[in-house]
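**Q** What follows is a single structure, and I will ask about it in a moment.
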Amino acid sequence: MACGFHSIVSKMKFHLLLIGVAIFLGSLPGSEAGVTEEQMWSAGKLMRDVCLPKYPKVSKEVADNIRNGNIPNSKDSNCYINCILEMMQAIKKGKFQLEPTLKQMDIMLPDNYKDEYRKGINLCKDSTVGLKNAPNCDPAHALLSCLKNNIKVFVFP
């Protein structure tokens with residue numbers, strides 16, 4: 001049992017390291033070009049692999065439905081979404097982070113997604129205003145729902 005736990009912790013640390021490296025490399029001068037779709041989905045899988053175990057009531061099927069744009073409004077699914085959005089630096093303590101979101105978008109999305117996402121992000125920048133994060137992670141649900149409704153090609157891990 002202890003070996004399994006240590007293996008999970010080691011994998012999570014490795015995934016966080018990979019995400020950190022991706023964020024660092026993306027912030028280097030001259031690295032504004034977007035990633036491929038395969039790289040985008042790989043980064044998303046890493047985030048999902050970190051957040052999904054934190055919310056055991058969110059099944060893989062529910063997470064797949066969220067990825068496909070069917071966003072339930074429950075505490076567990078909202079807090080799972082919040083975890084992903086925090087890793088993306090899109091939300092912090094229930095508050096939408098416009099500049100970090102735009103920066104991450106430039107790093108983590110293929111170029112052909114960026115114009116549409118930039119428009120959607122700007123349309124949704126006030127979607128978390130007035131919402132309390134505790135106890136149900138409502139701002140995360142509001143932000144993701146807004147993005148889904150305002151971006152034609154919705155992408156979420």
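All residue names refer to the structure tokens as shown: chains lettered A, B, ... in order, residues numbered from 1 in each chain, ligands numbered from 1 in order.
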Quick one: residues within 12 Å of segment 51-68 of chain A, only C-alpha atoms counted, chain neighbours fewer than 3 positions away excluded, as a ChimeraX atom specification?
**A** /A:8-9,12,15-16,41,44-48,71-88,141,144-145,148,153-157
**Q** Give me, as a JSON list (two decimals) with N, CA, C and O atoms, in the first residue's frame, all polymer residues having an atom no more than 9 Å from segment 126-132 of chain A, counting only C-alpha atoms and skipping those fewer than 3 positions away in the same chain.
**A**
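Result file is around_34.json:
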[["chain", "number", "residue", "atom", "x", "y", "z"],
["A", 93, "LYS", "N", -8.54, 31.93, -6.08],
["A", 93, "LYS", "CA", -9.46, 32.20, -4.97],
["A", 93, "LYS", "C", -10.81, 32.72, -5.47],
["A", 93, "LYS", "O", -11.38, 33.64, -4.93],
["A", 94, "GLY", "N", -11.28, 32.11, -6.55],
["A", 94, "GLY", "CA", -12.59, 32.46, -7.08],
["A", 94, "GLY", "C", -12.63, 33.70, -7.96],
["A", 94, "GLY", "O", -13.69, 34.09, -8.43],
["A", 95, "LYS", "N", -11.50, 34.31, -8.19],
["A", 95, "LYS", "CA", -11.45, 35.53, -9.01],
["A", 95, "LYS", "C", -10.79, 35.23, -10.35],
["A", 95, "LYS", "O", -9.70, 34.64, -10.40],
["A", 96, "PHE", "N", -11.43, 35.67, -11.41],
["A", 96, "PHE", "CA", -10.88, 35.49, -12.74],
["A", 96, "PHE", "C", -9.62, 36.32, -12.91],
["A", 96, "PHE", "O", -9.56, 37.48, -12.48],
["A", 122, "ASN", "N", -12.42, 37.70, -23.16],
["A", 122, "ASN", "CA", -12.81, 39.09, -22.89],
["A", 122, "ASN", "C", -14.30, 39.22, -22.62],
["A", 122, "ASN", "O", -14.72, 40.03, -21.78],
["A", 123, "LEU", "N", -15.12, 38.43, -23.28],
["A", 123, "LEU", "CA", -16.56, 38.45, -23.01],
["A", 123, "LEU", "C", -16.89, 37.90, -21.62],
["A", 123, "LEU", "O", -17.89, 38.29, -21.02],
["A", 135, "PRO", "N", -18.71, 27.66, -0.39],
["A", 135, "PRO", "CA", -18.12, 26.33, -0.32],
["A", 135, "PRO", "C", -18.22, 25.55, -1.63],
["A", 135, "PRO", "O", -17.76, 24.42, -1.72],
["A", 136, "ASN", "N", -18.83, 26.12, -2.67],
["A", 136, "ASN", "CA", -19.19, 25.32, -3.85],
["A", 136, "ASN", "C", -18.41, 25.61, -5.13],
["A", 136, "ASN", "O", -18.75, 25.10, -6.19],
["A", 137, "CYS", "N", -17.40, 26.46, -5.06],
["A", 137, "CYS", "CA", -16.58, 26.78, -6.24],
["A", 137, "CYS", "C", -17.44, 27.32, -7.39],
["A", 137, "CYS", "O", -17.20, 27.03, -8.57],
["A", 138, "ASP", "N", -18.45, 28.12, -7.05],
["A", 138, "ASP", "CA", -19.36, 28.66, -8.07],
["A", 138, "ASP", "C", -18.68, 29.51, -9.14],
["A", 138, "ASP", "O", -19.08, 29.44, -10.32],
["A", 139, "PRO", "N", -17.66, 30.31, -8.82],
["A", 139, "PRO", "CA", -17.03, 31.10, -9.88],
["A", 139, "PRO", "C", -16.44, 30.23, -11.01],
["A", 139, "PRO", "O", -16.51, 30.61, -12.18],
["A", 140, "ALA", "N", -15.89, 29.08, -10.66],
["A", 140, "ALA", "CA", -15.32, 28.19, -11.69],
["A", 140, "ALA", "C", -16.41, 27.72, -12.65],
["A", 140, "ALA", "O", -16.22, 27.71, -13.87],
["A", 141, "HIS", "N", -17.55, 27.34, -12.09],
["A", 141, "HIS", "CA", -18.67, 26.91, -12.94],
["A", 141, "HIS", "C", -19.14, 28.06, -13.84],
["A", 141, "HIS", "O", -19.36, 27.88, -15.04],
["A", 142, "ALA", "N", -19.26, 29.24, -13.26],
["A", 142, "ALA", "CA", -19.73, 30.40, -14.04],
["A", 142, "ALA", "C", -18.76, 30.73, -15.17],
["A", 142, "ALA", "O", -19.18, 30.97, -16.31],
["A", 143, "LEU", "N", -17.46, 30.72, -14.87],
["A", 143, "LEU", "CA", -16.46, 31.05, -15.88],
["A", 143, "LEU", "C", -16.45, 30.02, -16.99],
["A", 143, "LEU", "O", -16.50, 30.37, -18.18],
["A", 146, "CYS", "N", -19.56, 30.25, -19.14],
["A", 146, "CYS", "CA", -19.48, 31.42, -20.01],
["A", 146, "CYS", "C", -18.56, 31.17, -21.19],
["A", 146, "CYS", "O", -18.91, 31.46, -22.35]]
**Q** How many Å separate atom CA of Glu116 of chain A from atom CA of Val35 of chain A?
**A**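 It comes out at 15.7 Å.
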